[in-house]
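K.L.:
Mind looking over this structure? Questions follow.
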Amino acid sequence: MVNTLAVAVVGFGWMGRVHTQAYARLPHHFPQLSVRPELLAVADEAPGRAEEAAALYGFAAATRDWREVAADPRIHAVSITAPNFLHREIGVAMAEAGKHIWIEKPVGLTADDARAVACAVAKAGVQGTVGFNYRNAPAVEAARDLIASGGIGTVTHARIRLFSDYAAHPDGALTWRYERARGGSGVLGDLASHGVDLARYLLGDIASLTADTAVFLPERARPTGATAGHTLATGGELGPVENEDYVNCLLRFASGARGVLEACRVSVGEQNNYGFEVHGTKGAVSWDFRRMGELAVSRGTTYQDQPVSTVYVGPGAGEFAAFQPGAANAMGYDDLKVIEAYRFLRSIAVGTAVGTTLGDAVASAVALDAMERSARQGAWVSLA
């Protein structure tokens with residue numbers, strides 16, 4: 001028997017659209033799921049945006065005030081895809097209203113914000129899923145299994161990279177993303193949060209770290225109207241970029257392994273260059289998001305001059321079989337969000353967490369706060 005679950009989306013920029021499309025695709029990829037989402041309401045403060053979303057996707061109601069969503073007893077689950085500075089207020093309010101939440105990272109501006117949402121979710125007894133989508137790639141899940149099984153021996157060191165050019169244009173508008181009070185820690189919250197989650201997912205807890213940060217484009221023009229995504233703006237009043245364009249970080253894991261995490265939002269020539277390389281005493285495994293269904297794997301007993309093979313993941317890896325029938329068939333970014341939506345609704349159906357949790361968001365935020373503190377102090381910071 002399939003039960004209907006009324007859902008709402010709060011914040012309808014690009015990510016709100018991605019969440020909505022993921023809900024719509026769930027019955028096609030996961031017909032066995034015992035709950036089926038019904039798009040009941042959409043909220044966005046920009047004039048006309050919620051109404052446009054309702055007309056395009058079939059939401060039953062549209063509003064500019066997310067509080068109306070919190071007060072609606074018909075709504076059981078909410079996607080929170082509003083700007084970072086609103087995550088804590090909206091997340092806590094939705095949980096206290098008894099609604100399950102699928103919230104985008106970094107869940108607020110600080111670890112305290114993430115903890116507040118996590119505590120509200122736990123107290124209310126609702127489910128909470130966080131948008132760490134890259135761990136949902138079947139190849140990443142296969143890499144984790146390989147590492148956990150000892151397939152590359154004992155992990156010695158790893159490198160996680162997240163380079164992009166979305167903020168590289170000097171005419172990029174000075175939106176909330178570049179303000180400390182609304183956008184938080186810049187590229188740390190935007191990209192490095194994913195890097196921390198991948199590091200923890202693959203290699204376990206981080207014990208300590210030291211970091212360096214930089215701002216390479218110190219001024220941008222203020223936009224003259226509503227923005228979505230990474231809008232260009234010219235002729236507006238210039239204002240300061242208050243948060244980080246770049247971070248590099250040395251990691252020490254609880255296991256004793258070492259790591260390097262580097263992220264940049266202004267890397268000219270780099271488009272979504274996200275991935276990792278993990279080295280062990282008997283081999284190595286690496287992944288590149290731009291070749292999402294592949295792993296480069298080296299393992300054996302030769303150690304020196306040991307070859308690297310390309311492995312194409314297939315139906316046996318993660319949720320691959322829900323999308324493609326055989327190895328080397330391509331999946332895309334939006335598919336990862338469909339997997340995330342599936343695990344969110346499955347958590348609600350079975351009453352226990354499936355996939356990422358608010359605990360993962362707190363752990364990531366603790367590491368991000370430590371990076372900021374380390375960059376200011378020029379010292380190693382313990383996460384214990």
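Every chain in the structure tokens takes a letter, A first, then B, and so on in the order presented; its residues are numbered from 1, and the ligands are numbered from 1 following the presented order.
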Using only C-alpha atoms, determine which residues lie at most 7 Å from segment 162-164 of chain A, disregarding the query and same-chain residues fewer than 3 positions distant; provide the list as a list of chain:residue names.

P.N.:
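Answer for this query is A:Leu191, A:Glu262, A:Ala263, A:Cys264, A:Arg265, A:Val266, A:Ser267, A:Glu270, A:Gln271, A:Asn272, A:Asn273, A:Tyr274, A:Gly275.
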
K.L.:
Segment 36-40 of chain A: which residues within 7 Å, counting only C-alpha atoms, same-chain residues fewer than 4 positions away excluded, as a list of chain:residue names?

P.N.:
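The filter keeps A:Val2, A:Asn3, A:Thr4, A:Leu5, A:Ala6, A:Val7, A:Ala8, A:Tyr23, A:Pro27, A:Gly58, A:Phe59, A:Ala60, A:Ala61.
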
K.L.:
Excluding segment 98-112 of chain A and any residue of its chain fewer than 6 positions from it, enumerate the residues within 9 Å of it, using only C-alpha atoms, and give them as a PyMOL selection string.

P.N.:
chain A and resi 15+70+73+75-89+91+121+124-132+180-185+189-190+193-194+340-341+344+348+358+361-369

K.L.:
Among segment 120-273 of chain A, which ones does DSSP place in helix (DSSP H, G or I), written as an NGL selection string?

P.N.:
:A and (120-124 or 133-136 or 138-148 or 176-178 or 180-183 or 187-203)

K.L.:
May I have all residues of segment 290-342 of chain A that DSSP, computed from the backbone, assigns to strand (DSSP E), given as a PyMOL selection string?

P.N.:
chain A and resi 294-299+309-312

K.L.:
Deliver the residues from the most recent selection as a file, using all heavy atoms, as an mmCIF file, in the first residue's frame.

P.N.:
data_model
loop_
_atom_site.group_PDB
_atom_site.id
_atom_site.type_symbol
_atom_site.label_atom_id
_atom_site.label_comp_id
_atom_site.auth_asym_id
_atom_site.auth_seq_id
_atom_site.Cartn_x
_atom_site.Cartn_y
_atom_site.Cartn_z
ATOM 1 N N GLU A 294 32.854 6.371 -12.416
ATOM 2 C CA GLU A 294 34.136 5.682 -12.519
ATOM 3 C C GLU A 294 34.934 5.787 -11.227
ATOM 4 O O GLU A 294 34.855 6.790 -10.520
ATOM 5 C CB GLU A 294 34.984 6.291 -13.639
ATOM 6 C CG GLU A 294 34.364 6.252 -15.011
ATOM 7 C CD GLU A 294 35.244 6.920 -16.054
ATOM 8 O OE1 GLU A 294 36.456 7.085 -15.796
ATOM 9 O OE2 GLU A 294 34.717 7.303 -17.112
ATOM 10 N N LEU A 295 35.728 4.760 -10.980
ATOM 11 C CA LEU A 295 36.761 4.804 -9.955
ATOM 12 C C LEU A 295 38.087 4.418 -10.587
ATOM 13 O O LEU A 295 38.135 3.553 -11.475
ATOM 14 C CB LEU A 295 36.462 3.818 -8.824
ATOM 15 C CG LEU A 295 35.300 4.134 -7.890
ATOM 16 C CD1 LEU A 295 35.082 2.978 -6.920
ATOM 17 C CD2 LEU A 295 35.534 5.433 -7.131
ATOM 18 N N ALA A 296 39.147 5.068 -10.142
ATOM 19 C CA ALA A 296 40.497 4.630 -10.496
ATOM 20 C C ALA A 296 41.024 3.841 -9.303
ATOM 21 O O ALA A 296 41.120 4.373 -8.192
ATOM 22 C CB ALA A 296 41.390 5.822 -10.793
ATOM 23 N N VAL A 297 41.330 2.573 -9.522
ATOM 24 C CA VAL A 297 41.686 1.683 -8.422
ATOM 25 C C VAL A 297 43.030 1.023 -8.688
ATOM 26 O O VAL A 297 43.281 0.505 -9.788
ATOM 27 C CB VAL A 297 40.617 0.586 -8.224
ATOM 28 C CG1 VAL A 297 41.015 -0.352 -7.087
ATOM 29 C CG2 VAL A 297 39.254 1.214 -7.948
ATOM 30 N N SER A 298 43.893 1.036 -7.685
ATOM 31 C CA SER A 298 45.152 0.292 -7.725
ATOM 32 C C SER A 298 45.201 -0.607 -6.499
ATOM 33 O O SER A 298 45.085 -0.126 -5.366
ATOM 34 C CB SER A 298 46.352 1.252 -7.710
ATOM 35 O OG SER A 298 47.561 0.521 -7.666
ATOM 36 N N ARG A 299 45.342 -1.905 -6.732
ATOM 37 C CA ARG A 299 45.497 -2.823 -5.608
ATOM 38 C C ARG A 299 46.204 -4.078 -6.079
ATOM 39 O O ARG A 299 46.141 -4.443 -7.253
ATOM 40 C CB ARG A 299 44.154 -3.166 -4.976
ATOM 41 C CG ARG A 299 43.108 -3.717 -5.916
ATOM 42 C CD ARG A 299 41.837 -4.009 -5.161
ATOM 43 N NE ARG A 299 40.736 -4.368 -6.047
ATOM 44 C CZ ARG A 299 39.565 -4.812 -5.632
ATOM 45 N NH1 ARG A 299 39.343 -4.981 -4.338
ATOM 46 N NH2 ARG A 299 38.612 -5.102 -6.501
ATOM 47 N N SER A 309 43.648 0.756 -12.543
ATOM 48 C CA SER A 309 42.583 0.337 -13.451
ATOM 49 C C SER A 309 41.367 1.233 -13.299
ATOM 50 O O SER A 309 41.061 1.709 -12.197
ATOM 51 C CB SER A 309 42.168 -1.112 -13.156
ATOM 52 O OG SER A 309 43.249 -2.005 -13.321
ATOM 53 N N THR A 310 40.660 1.457 -14.403
ATOM 54 C CA THR A 310 39.391 2.168 -14.355
ATOM 55 C C THR A 310 38.276 1.163 -14.121
ATOM 56 O O THR A 310 38.141 0.185 -14.863
ATOM 57 C CB THR A 310 39.132 2.927 -15.660
ATOM 58 O OG1 THR A 310 40.156 3.905 -15.856
ATOM 59 C CG2 THR A 310 37.777 3.626 -15.628
ATOM 60 N N VAL A 311 37.492 1.412 -13.069
ATOM 61 C CA VAL A 311 36.372 0.544 -12.728
ATOM 62 C C VAL A 311 35.091 1.327 -12.953
ATOM 63 O O VAL A 311 34.911 2.417 -12.395
ATOM 64 C CB VAL A 311 36.458 0.081 -11.262
ATOM 65 C CG1 VAL A 311 35.220 -0.735 -10.889
ATOM 66 C CG2 VAL A 311 37.726 -0.731 -11.028
ATOM 67 N N TYR A 312 34.196 0.799 -13.788
ATOM 68 C CA TYR A 312 32.895 1.421 -14.018
ATOM 69 C C TYR A 312 31.883 0.770 -13.084
ATOM 70 O O TYR A 312 31.640 -0.429 -13.190
ATOM 71 C CB TYR A 312 32.460 1.234 -15.470
ATOM 72 C CG TYR A 312 33.392 1.869 -16.467
ATOM 73 C CD1 TYR A 312 34.328 1.106 -17.155
ATOM 74 C CD2 TYR A 312 33.333 3.237 -16.726
ATOM 75 C CE1 TYR A 312 35.192 1.681 -18.076
ATOM 76 C CE2 TYR A 312 34.192 3.828 -17.641
ATOM 77 C CZ TYR A 312 35.119 3.051 -18.314
ATOM 78 O OH TYR A 312 35.959 3.627 -19.223
#

K.L.:
Please determine, counting only C-alpha atoms, which residue among A:Leu203, A:Val140, A:Ala55, A:Ile147 has the shortest atom-to-atom distance to Gly318 of chain A.

P.N.:
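Ranking A:Leu203, A:Val140, A:Ala55, A:Ile147 by distance to Gly318 of chain A, first place goes to A:Val140.
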
K.L.:
I want to know what sits within 8 Å of Val215 of chain A, based on only C-alpha atoms, with residues of the same chain fewer than 4 positions away left out; could you give that as a ChimeraX atom specification?

P.N.:
/A:241,243-246

K.L.:
Taking only C-alpha atoms into account, which of A:Leu33, A:Ala328, A:Ile152, A:Val10 comes nearest Lys282 of chain A?

P.N.:
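For Lys282 of chain A, the nearest of the given residues is A:Ile152.
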
K.L.:
Which residues are close to His29 of chain A, i.e. within 12 Å by only C-alpha atoms, leaving aside same-chain residues fewer than 2 positions away? Reply as a PyMOL selection string.

P.N.:
chain A and resi 22-27+31-33+36+319-325+335-339+341-342

K.L.:
Of the residues A:Leu217, A:Cys119, A:Leu146, A:Val354, which is the one nearest to Val278 of chain A, using only C-alpha atoms?

P.N.:
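Of the candidates, the smallest distance to Val278 of chain A is held by A:Leu146.
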